[in-house]
file structure_4.txt (compact mmCIF, C-alpha atoms)
# COMPACT_ATOMS: atom_id res chain seq x y z
CA MET Z 87 -34.52 -22.47 4.11
CA GLN Z 88 -31.80 -19.88 4.57
CA ALA Z 89 -29.01 -18.94 2.19
CA LEU Z 90 -25.75 -17.02 2.57
CA VAL Z 91 -24.29 -14.82 -0.15
CA ILE Z 92 -20.70 -13.64 0.25
CA ALA Z 93 -20.32 -10.52 -1.91
CA ALA Z 94 -16.75 -9.63 -2.93
CA HIS Z 95 -14.99 -7.37 -5.42
CA GLY Z 96 -13.08 -9.87 -7.54
CA SER Z 97 -10.76 -8.81 -10.35
CA HIS Z 98 -10.39 -9.10 -14.12
CA LEU Z 99 -6.62 -8.74 -13.73
CA ASN Z 100 -5.65 -10.87 -10.75
CA PRO Z 101 -6.81 -14.49 -10.99
CA ASN Z 102 -6.07 -14.97 -7.27
CA ALA Z 103 -8.29 -12.12 -6.07
CA SER Z 104 -11.31 -14.36 -5.55
CA ASP Z 105 -9.40 -17.18 -3.81
CA PRO Z 106 -10.15 -16.00 -0.25
CA THR Z 107 -13.86 -15.66 -1.06
CA TYR Z 108 -14.10 -19.23 -2.32
CA ALA Z 109 -12.02 -20.54 0.58
CA HIS Z 110 -14.16 -18.87 3.24
CA ALA Z 111 -17.35 -19.93 1.47
CA ASP Z 112 -16.13 -23.53 1.53
CA THR Z 113 -15.36 -23.27 5.25
CA VAL Z 114 -18.85 -21.93 6.00
CA ARG Z 115 -20.44 -24.49 3.66
CA GLU Z 116 -18.79 -27.34 5.56
CA THR Z 117 -20.50 -26.25 8.79
CA GLY Z 118 -23.93 -26.97 7.29
CA ALA Z 119 -25.34 -23.79 8.84
CA PHE Z 120 -26.93 -22.67 5.56
CA ASP Z 121 -28.94 -24.59 2.99
CA GLU Z 122 -27.13 -22.66 0.26
CA VAL Z 123 -23.83 -20.73 0.26
CA ARG Z 124 -22.98 -18.68 -2.82
CA GLU Z 125 -20.12 -16.41 -3.86
CA ALA Z 126 -20.86 -13.27 -5.91
CA PHE Z 127 -18.56 -10.64 -7.41
CA TRP Z 128 -18.45 -7.21 -9.00
CA LYS Z 129 -15.59 -7.97 -11.39
CA GLU Z 130 -16.08 -11.71 -11.90
CA GLU Z 131 -18.79 -14.29 -12.41
CA PRO Z 132 -21.13 -15.10 -10.75
CA HIS Z 133 -22.20 -11.48 -10.63
CA PHE Z 134 -24.01 -9.58 -7.88
CA ARG Z 135 -26.94 -8.96 -10.20
CA ASP Z 136 -27.69 -12.63 -10.80
CA VAL Z 137 -26.96 -14.38 -7.54
CA ILE Z 138 -30.22 -13.79 -5.63
CA ARG Z 139 -32.21 -15.12 -8.58
CA THR Z 140 -30.34 -18.45 -8.50
CA LEU Z 141 -31.25 -19.29 -4.91
CA GLU Z 142 -34.07 -21.53 -3.75
CA ALA Z 143 -34.12 -20.21 -0.17
CA ASP Z 144 -36.65 -17.49 0.60
CA GLU Z 145 -34.48 -15.96 3.36
CA VAL Z 146 -31.07 -14.67 2.24
CA PHE Z 147 -28.21 -13.20 4.26
CA VAL Z 148 -25.83 -11.05 2.21
CA VAL Z 149 -22.41 -10.40 3.78
CA PRO Z 150 -20.09 -7.98 1.91
CA LEU Z 151 -16.49 -9.20 1.97
CA PHE Z 152 -15.21 -5.62 2.03
CA ILE Z 153 -13.11 -3.74 4.57
CA SER Z 154 -15.07 -0.51 4.95
CA GLU Z 155 -18.43 1.09 4.43
CA GLY Z 156 -18.46 3.12 1.25
CA TYR Z 157 -19.25 3.14 -2.44
CA PHE Z 158 -19.46 -0.62 -2.95
CA THR Z 159 -21.34 -1.52 0.22
CA GLU Z 160 -23.67 1.48 0.16
CA GLN Z 161 -24.34 1.83 -3.57
CA VAL Z 162 -23.06 -0.91 -5.88
CA ILE Z 163 -24.12 -4.07 -4.06
CA PRO Z 164 -27.65 -2.91 -3.09
CA ARG Z 165 -28.21 -1.57 -6.59
CA GLU Z 166 -27.06 -4.75 -8.30
CA LEU Z 167 -29.11 -6.91 -5.94
CA ARG Z 168 -32.08 -4.71 -6.84
CA LEU Z 169 -32.92 -3.85 -3.24
CA GLU Z 170 -35.27 -1.03 -4.17
CA GLU Z 171 -36.07 0.03 -0.60
CA TRP Z 172 -32.42 0.37 0.38
CA ASP Z 173 -31.07 3.63 1.79
CA PRO Z 174 -27.63 3.90 3.46
CA GLU Z 175 -29.26 5.87 6.28
CA GLN Z 176 -30.99 2.65 7.33
CA TRP Z 177 -27.66 1.40 8.67
CA ASP Z 178 -27.57 4.41 11.02
CA SER Z 179 -23.79 4.10 11.06
CA ASP Z 180 -20.96 6.42 12.03
CA GLY Z 181 -18.72 4.73 9.48
CA THR Z 182 -17.85 1.62 11.46
CA THR Z 183 -21.12 0.52 13.09
CA ALA Z 184 -23.26 -0.77 10.20
CA SER Z 185 -25.06 -3.94 11.28
CA GLN Z 186 -27.92 -5.09 9.04
CA VAL Z 187 -31.11 -4.05 7.28
CA THR Z 188 -33.94 -6.40 6.31
CA LEU Z 189 -35.49 -5.72 2.91
CA GLU Z 190 -37.73 -7.49 0.43
CA ALA Z 191 -36.62 -8.46 -3.07
CA GLU Z 192 -40.14 -8.32 -4.40
CA ASP Z 193 -39.41 -9.56 -7.91
CA VAL Z 194 -38.35 -12.95 -6.51
CA ASP Z 195 -40.33 -12.85 -3.26
CA LYS Z 196 -37.33 -13.21 -0.98
CA THR Z 197 -36.38 -11.58 2.32
CA ILE Z 198 -32.88 -10.12 2.16
CA HIS Z 199 -30.87 -9.41 5.29
CA TYR Z 200 -28.20 -7.01 4.05
CA CYS Z 201 -25.27 -6.95 6.48
CA GLY Z 202 -22.48 -4.49 7.13
CA PRO Z 203 -19.01 -5.30 5.72
CA VAL Z 204 -16.82 -7.85 7.46
CA GLY Z 205 -14.05 -5.28 7.87
CA THR Z 206 -15.85 -3.25 10.51
CA HIS Z 207 -17.13 -6.14 12.62
CA ASP Z 208 -15.58 -6.48 16.07
CA ALA Z 209 -14.55 -10.04 15.26
CA MET Z 210 -12.12 -8.66 12.65
CA THR Z 211 -9.92 -7.51 15.54
CA ASP Z 212 -9.31 -11.16 16.42
CA VAL Z 213 -8.47 -11.98 12.80
CA ILE Z 214 -5.80 -9.27 12.72
CA VAL Z 215 -4.22 -10.68 15.87
CA GLN Z 216 -4.50 -14.21 14.46
CA ARG Z 217 -2.72 -13.00 11.32
CA ALA Z 218 0.14 -11.72 13.48
CA GLU Z 219 0.33 -15.10 15.20
CA SER Z 220 0.35 -16.94 11.89
CA VAL Z 221 3.16 -14.97 10.27
CA THR Z 222 5.40 -15.15 13.34
CA ASP Z 223 4.44 -18.76 14.10
CA ASP Z 224 3.98 -17.61 17.69
CA PRO Z 225 0.56 -17.96 19.39
CA ASP Z 226 1.75 -15.64 22.17
CA VAL Z 227 3.23 -12.92 19.98
CA GLY Z 228 3.00 -9.45 21.52
CA ASP Z 229 5.52 -8.92 24.29
CA GLY Z 230 8.29 -6.67 22.96
CA VAL Z 231 6.59 -6.48 19.56
CA GLY Z 232 4.94 -3.61 17.70
CA LEU Z 233 1.92 -4.11 15.43
CA ALA Z 234 1.16 -1.99 12.36
CA VAL Z 235 -2.36 -2.30 10.95
CA VAL Z 236 -2.14 -0.99 7.40
CA GLY Z 237 -5.00 0.31 5.27
CA HIS Z 238 -5.34 1.97 1.91
CA GLY Z 239 -6.59 5.32 3.11
CA THR Z 240 -8.18 7.68 0.63
CA GLU Z 241 -9.72 11.13 0.57
CA ARG Z 242 -12.59 9.67 -1.46
CA ASN Z 243 -13.80 7.57 1.46
CA GLU Z 244 -13.03 8.67 5.00
CA ASN Z 245 -14.47 5.39 6.29
CA SER Z 246 -11.48 3.56 4.80
CA ALA Z 247 -9.23 5.01 7.50
CA LYS Z 248 -11.89 4.68 10.20
CA ALA Z 249 -11.95 0.90 9.91
CA VAL Z 250 -8.16 0.66 10.30
CA GLU Z 251 -8.08 3.05 13.25
CA TYR Z 252 -11.01 1.27 14.89
CA HIS Z 253 -9.26 -2.09 15.02
CA ALA Z 254 -5.91 -0.57 15.95
CA ASP Z 255 -7.61 1.08 18.93
CA ARG Z 256 -9.27 -2.17 19.99
CA ILE Z 257 -6.00 -4.10 19.82
CA ARG Z 258 -4.21 -1.32 21.70
CA GLN Z 259 -6.73 -1.66 24.52
CA GLN Z 260 -5.82 -5.33 24.89
CA ASN Z 261 -2.31 -4.31 26.05
CA ARG Z 262 -0.90 -7.31 24.24
CA PHE Z 263 1.55 -5.57 21.91
CA ASP Z 264 4.05 -2.98 23.11
CA GLU Z 265 2.94 -0.59 20.37
CA VAL Z 266 0.01 -0.55 17.95
CA LYS Z 267 -0.19 1.92 15.05
CA ALA Z 268 -2.64 2.53 12.20
CA LEU Z 269 -0.70 3.27 9.01
CA PHE Z 270 -1.82 3.97 5.44
CA MET Z 271 -0.73 3.85 1.83
CA ASP Z 272 -2.28 7.10 0.61
CA GLU Z 273 -2.41 9.31 3.70
CA GLU Z 274 -0.42 10.10 6.81
CA PRO Z 275 1.00 8.31 8.72
CA GLU Z 276 2.34 6.37 5.75
CA VAL Z 277 3.50 2.77 5.79
CA ASP Z 278 6.58 3.81 3.78
CA ASP Z 279 8.01 5.16 7.05
CA VAL Z 280 6.88 2.26 9.24
CA THR Z 281 10.16 2.00 11.17
CA ASP Z 282 9.96 5.69 12.13
CA TYR Z 283 6.82 5.06 14.19
CA PHE Z 284 8.06 2.19 16.37
CA GLU Z 285 10.63 1.80 19.12
CA THR Z 286 10.26 -1.98 19.30
CA ALA Z 287 12.91 -4.04 17.54
CA ASP Z 288 10.26 -6.37 16.09
CA ILE Z 289 7.33 -5.02 14.06
CA VAL Z 290 4.51 -7.13 12.64
CA VAL Z 291 2.79 -5.51 9.65
CA VAL Z 292 -0.76 -6.67 8.86
CA PRO Z 293 -2.47 -5.14 5.80
CA LEU Z 294 -6.23 -4.71 6.28
CA PHE Z 295 -7.04 -5.89 2.74
CA ILE Z 296 -9.31 -8.71 1.64
CA ALA Z 297 -7.01 -10.32 -0.95
CA ASP Z 298 -3.37 -10.26 -1.91
CA GLY Z 299 -2.74 -8.27 -5.06
CA TYR Z 300 -0.99 -5.20 -6.40
CA HIS Z 301 -0.98 -3.24 -3.14
CA THR Z 302 -0.06 -6.03 -0.72
CA GLN Z 303 2.38 -7.92 -2.93
CA GLU Z 304 4.04 -5.07 -4.81
CA ASP Z 305 3.52 -1.60 -3.33
CA ILE Z 306 3.77 -2.23 0.39
CA PRO Z 307 6.81 -4.59 0.37
CA GLU Z 308 8.77 -2.17 -1.80
CA ASP Z 309 7.60 0.93 0.11
CA MET Z 310 8.67 -0.56 3.45
CA GLY Z 311 12.08 -1.58 2.12
CA LEU Z 312 11.55 -5.34 2.30
CA THR Z 313 12.79 -5.58 -1.27
CA GLU Z 314 13.90 -3.30 -4.07
CA ASP Z 315 11.89 -5.32 -6.59
CA TYR Z 316 8.83 -7.33 -5.54
CA ARG Z 317 9.55 -9.82 -8.34
CA LEU Z 318 12.63 -10.94 -6.40
CA GLY Z 319 10.56 -11.74 -3.33
CA TRP Z 320 11.61 -10.95 0.25
CA SER Z 321 12.49 -12.60 3.52
CA VAL Z 322 10.30 -12.70 6.61
CA PRO Z 323 11.43 -11.44 9.00
CA ALA Z 324 13.55 -8.85 7.19
CA GLU Z 325 16.03 -6.39 8.66
CA VAL Z 326 15.01 -2.81 7.83
CA ASP Z 327 16.50 0.29 9.49
CA GLY Z 328 17.53 -1.62 12.59
CA HIS Z 329 14.16 -3.35 13.02
CA ARG Z 330 12.91 -6.82 12.18
CA LEU Z 331 9.79 -6.64 10.01
CA TRP Z 332 7.30 -9.50 9.89
CA TYR Z 333 5.05 -8.90 6.91
CA ALA Z 334 1.82 -10.88 7.03
CA GLY Z 335 0.10 -10.29 3.71
CA ALA Z 336 -3.63 -9.54 3.39
CA VAL Z 337 -5.69 -10.17 6.51
CA GLY Z 338 -8.53 -11.46 4.35
CA THR Z 339 -6.55 -14.59 3.52
CA GLU Z 340 -6.56 -15.68 7.16
CA ARG Z 341 -8.81 -18.73 7.62
CA LEU Z 342 -10.46 -17.18 10.68
CA MET Z 343 -12.24 -14.76 8.31
CA ALA Z 344 -14.98 -17.37 7.98
CA ASP Z 345 -15.75 -16.67 11.64
CA VAL Z 346 -16.40 -12.99 10.86
CA ILE Z 347 -18.73 -13.88 8.00
CA LEU Z 348 -20.73 -16.14 10.29
CA GLU Z 349 -20.81 -13.49 13.02
CA ARG Z 350 -22.24 -10.96 10.55
CA ALA Z 351 -24.97 -13.36 9.46
CA ALA Z 352 -25.78 -14.36 13.04
CA ASP Z 353 -26.09 -10.69 14.04
CA ALA Z 354 -28.68 -10.35 11.27
CA GLY Z 355 -30.71 -13.24 12.65
CA ALA Z 356 -29.32 -16.29 10.87
CA ASP Z 357 -29.62 -19.58 12.71
CA ILE Z 358 -26.05 -20.87 12.56
CA GLY Z 359 -26.18 -23.47 15.34
CA GLY Z 360 -22.69 -24.52 16.39
CA ALA Z 361 -21.02 -23.23 13.22
CA LEU Z 362 -18.86 -20.68 15.01
CA GLU Z 363 -17.41 -23.26 17.35
CA SER Z 364 -16.80 -25.58 14.40
CA VAL Z 365 -14.89 -22.94 12.44
CA ARG Z 366 -12.81 -21.82 15.39
CA ALA Z 367 -11.82 -25.39 16.17
CA ALA Z 368 -10.89 -25.98 12.55
CA VAL Z 369 -8.70 -22.91 12.12
CA ALA Z 370 -7.16 -22.58 15.60
CA PRO Z 371 -4.06 -24.69 14.82
CA ASP Z 372 -3.48 -22.94 11.50
CA VAL Z 373 -0.10 -21.18 11.39
CA SER Z 374 2.20 -20.45 8.49
CA ASP Z 375 5.88 -19.85 7.88
CA GLY Z 376 5.01 -16.46 6.39
CA PRO Z 377 3.25 -15.04 3.37
CA ASP Z 378 3.42 -16.51 -0.08
CA LEU Z 379 6.49 -14.92 -1.61
CA GLU Z 380 5.46 -15.60 -5.18
CA PRO Z 381 4.53 -12.19 -6.57
CA ASN Z 382 0.92 -11.52 -7.49
CA THR Z 383 -0.17 -8.99 -10.06
CA GLY Z 384 -3.42 -7.17 -10.65
CA ALA Z 385 -5.94 -5.29 -8.57
CA GLY Z 386 -6.96 -7.89 -6.04
CA ASP Z 387 -6.97 -5.70 -2.93
call {"tool": "encode", "arguments": {"input": "structure_4.txt", "output": "structure tokens"}}
result
Amino acid sequence: MQALVIAAHGSHLNPNASDPTYAHADTVRETGAFDEVREAFWKEEPHFRDVIRTLEADEVFVVPLFISEGYFTEQVIPRELRLEEWDPEQWDSDGTTASQVTLEAEDVDKTIHYCGPVGTHDAMTDVIVQRAESVTDDPDVGDGVGLAVVGHGTERNENSAKAVEYHADRIRQQNRFDEVKALFMDEEPEVDDVTDYFETADIVVVPLFIADGYHTQEDIPEDMGLTEDYRLGWSVPAEVDGHRLWYAGAVGTERLMADVILERAADAGADIGGALESVRAAVAPDVSDGPDLEPNTGAGD
């Protein structure tokens, strides 16, 4: 038997923070690739500390639903899962290349395949592009359009910016969009000045966050000038400084994220059969008229 654990942050403040985790878990569950699929959280129940002990499978694949390598993926999750042999050096990563480490949870006699975060997997590049397609309702979006990939950015974790820059570089190499920029909330270049960095009339803004919350539904829309007060909502596209802004909301809400979770587990040795093809077929037609304009509150990002 093999089990999948999707490990996410969750939130005590934002009841919607865990929605993407449950949605992606359901998508993976429907493929039948795993005997058990469980969600686990840091700030909600079920908790990281308990989840392994509730599984019947003796082989467990743990995929962190986080954007970057850092405090949670390198310290909190392994500690709470009681992976005593864990050491971040085992990933042998430069900040974006963590793959997987196989460890034993000796107290429950289970083999744990601890994977790198979804946010640094190459498949995340496709999800960002898919998010741009969804918000514009255009499967061919790119010609004459600029793309801003937005991250938090923080001096406390340099890998936060690395993940954003990594995917921006990969998309730039595709030559699909006229311009591709990596922008940040807490470091330069800042998303507040998004229109200063693009010559294209149309700019698609995709936040590299797992869930919609305080940053994606309050800070970023107001900082970019989409609205003076997030509680009033905003239009998509919106005219700002002579540009049309298409704001996509958190990338982690895109249904194709289930593909990245499966890719991470497969890279660690999981037998997923035709699950990838099943997920891609299921989510390919999925487009939206834009992000949910109902304001969210709380720390769900």
call {"tool": "closest_residue", "arguments": {"input": "structure_4.txt", "among": "Z:Val337, Z:Val280, Z:Ala268, Z:Val194", "to": "Ala297 (chain Z)", "atoms": "only C-alpha atoms"}}
result
Z:Val337
call {"tool": "atom_distance", "arguments": {"input": "structure_4.txt", "atom1": "CA of Asp193 (chain Z)", "atom2": "CA of Tyr157 (chain Z)"}}
result
24.4 Å
call {"tool": "residues_around", "arguments": {"input": "structure_4.txt", "residues": "Ile198 (chain Z)", "least_positions_apart": "2", "cutoff": "8 Å", "atoms": "all atoms listed in the file", "output": "PDB file with C-alpha atoms, keeping the file's coordinate frame"}}
result
ATOM      1  CA  GLU Z 145     -34.480 -15.960   3.360  1.00  0.00           C
ATOM      2  CA  VAL Z 146     -31.070 -14.670   2.240  1.00  0.00           C
ATOM      3  CA  PHE Z 147     -28.210 -13.200   4.260  1.00  0.00           C
ATOM      4  CA  VAL Z 148     -25.830 -11.050   2.210  1.00  0.00           C
ATOM      5  CA  THR Z 188     -33.940  -6.400   6.310  1.00  0.00           C
ATOM      6  CA  LEU Z 189     -35.490  -5.720   2.910  1.00  0.00           C
ATOM      7  CA  GLU Z 190     -37.730  -7.490   0.430  1.00  0.00           C
ATOM      8  CA  ALA Z 191     -36.620  -8.460  -3.070  1.00  0.00           C
ATOM      9  CA  LYS Z 196     -37.330 -13.210  -0.980  1.00  0.00           C
ATOM     10  CA  TYR Z 200     -28.200  -7.010   4.050  1.00  0.00           C
TER      11      TYR Z 200
END
call {"tool": "closest_residue", "arguments": {"input": "structure_4.txt", "among": "Z:Met271, Z:Ala356, Z:Met343, Z:Ala367", "to": "Asp212 (chain Z)", "atoms": "only C-alpha atoms"}}
result
Z:Met343
call {"tool": "residues_around", "arguments": {"input": "structure_4.txt", "residues": "Glu155 (chain Z)", "least_positions_apart": "6", "cutoff": "8 Å", "atoms": "all atoms listed in the file", "output": "mmCIF file with C-alpha atoms, in the coordinates of the input"}}
result
data_model
loop_
_atom_site.group_PDB
_atom_site.id
_atom_site.type_symbol
_atom_site.label_atom_id
_atom_site.label_comp_id
_atom_site.auth_asym_id
_atom_site.auth_seq_id
_atom_site.Cartn_x
_atom_site.Cartn_y
_atom_site.Cartn_z
ATOM 1 C CA GLY Z 181 -18.720 4.730 9.480
ATOM 2 C CA THR Z 182 -17.850 1.620 11.460
ATOM 3 C CA ALA Z 184 -23.260 -0.770 10.200
ATOM 4 C CA GLY Z 202 -22.480 -4.490 7.130
ATOM 5 C CA PRO Z 203 -19.010 -5.300 5.720
ATOM 6 C CA THR Z 206 -15.850 -3.250 10.510
ATOM 7 C CA ASN Z 245 -14.470 5.390 6.290
ATOM 8 C CA SER Z 246 -11.480 3.560 4.800
#
call {"tool": "atom_distance", "arguments": {"input": "structure_4.txt", "atom1": "CA of Pro164 (chain Z)", "atom2": "CA of Val213 (chain Z)"}}
result
26.5 Å
call {"tool": "atom_distance", "arguments": {"input": "structure_4.txt", "atom1": "CA of Glu251 (chain Z)", "atom2": "CA of Val266 (chain Z)"}}
result
10.0 Å
call {"tool": "closest_residue", "arguments": {"input": "structure_4.txt", "among": "Z:Asp208, Z:Asp288, Z:Asp327, Z:Asp305", "to": "Val346 (chain Z)", "atoms": "all atoms listed in the file"}}
result
Z:Asp208
call {"tool": "closest_residue", "arguments": {"input": "structure_4.txt", "among": "Z:Ala119, Z:Val91, Z:Val204, Z:Ala218", "to": "Val235 (chain Z)", "atoms": "all atoms listed in the file"}}
result
Z:Ala218
call {"tool": "residues_around", "arguments": {"input": "structure_4.txt", "residues": "Ala103 (chain Z)", "least_positions_apart": "5", "cutoff": "12 Å", "atoms": "all atoms listed in the file", "output": "PyMOL selection string"}}
result
chain Z and resi 94-98+108-109+127-130+151+295-303+336+338-339+382-387
call {"tool": "closest_residue", "arguments": {"input": "structure_4.txt", "among": "Z:Leu269, Z:Ala351, Z:Val221, Z:Val277", "to": "Val322 (chain Z)", "atoms": "all atoms listed in the file"}}
result
Z:Val221
call {"tool": "closest_residue", "arguments": {"input": "structure_4.txt", "among": "Z:Gly205, Z:Gly239, Z:Gly335, Z:Pro150", "to": "Arg217 (chain Z)", "atoms": "only C-alpha atoms"}}
result
Z:Gly335
call {"tool": "residues_around", "arguments": {"input": "structure_4.txt", "residues": "Ile163 (chain Z)", "least_positions_apart": "3", "cutoff": "9 Å", "atoms": "all atoms listed in the file", "output": "number ranges by chain"}}
result
Z: 93, 128, 134-135, 150, 157-160, 166-169
call {"tool": "residues_near_point", "arguments": {"input": "structure_4.txt", "point": "(-0.6, 6.3, 11.5)", "cutoff": "12 Å", "atoms": "all atoms listed in the file", "output": "PyMOL selection string"}}
result
chain Z and resi 233-239+247-248+250-251+254-255+265-284
call {"tool": "residues_near_point", "arguments": {"input": "structure_4.txt", "point": "(10.9, -9.6, 2.3)", "cutoff": "8 Å", "atoms": "all atoms listed in the file", "output": "PyMOL selection string"}}
result
chain Z and resi 307+312-313+319-324+333+379
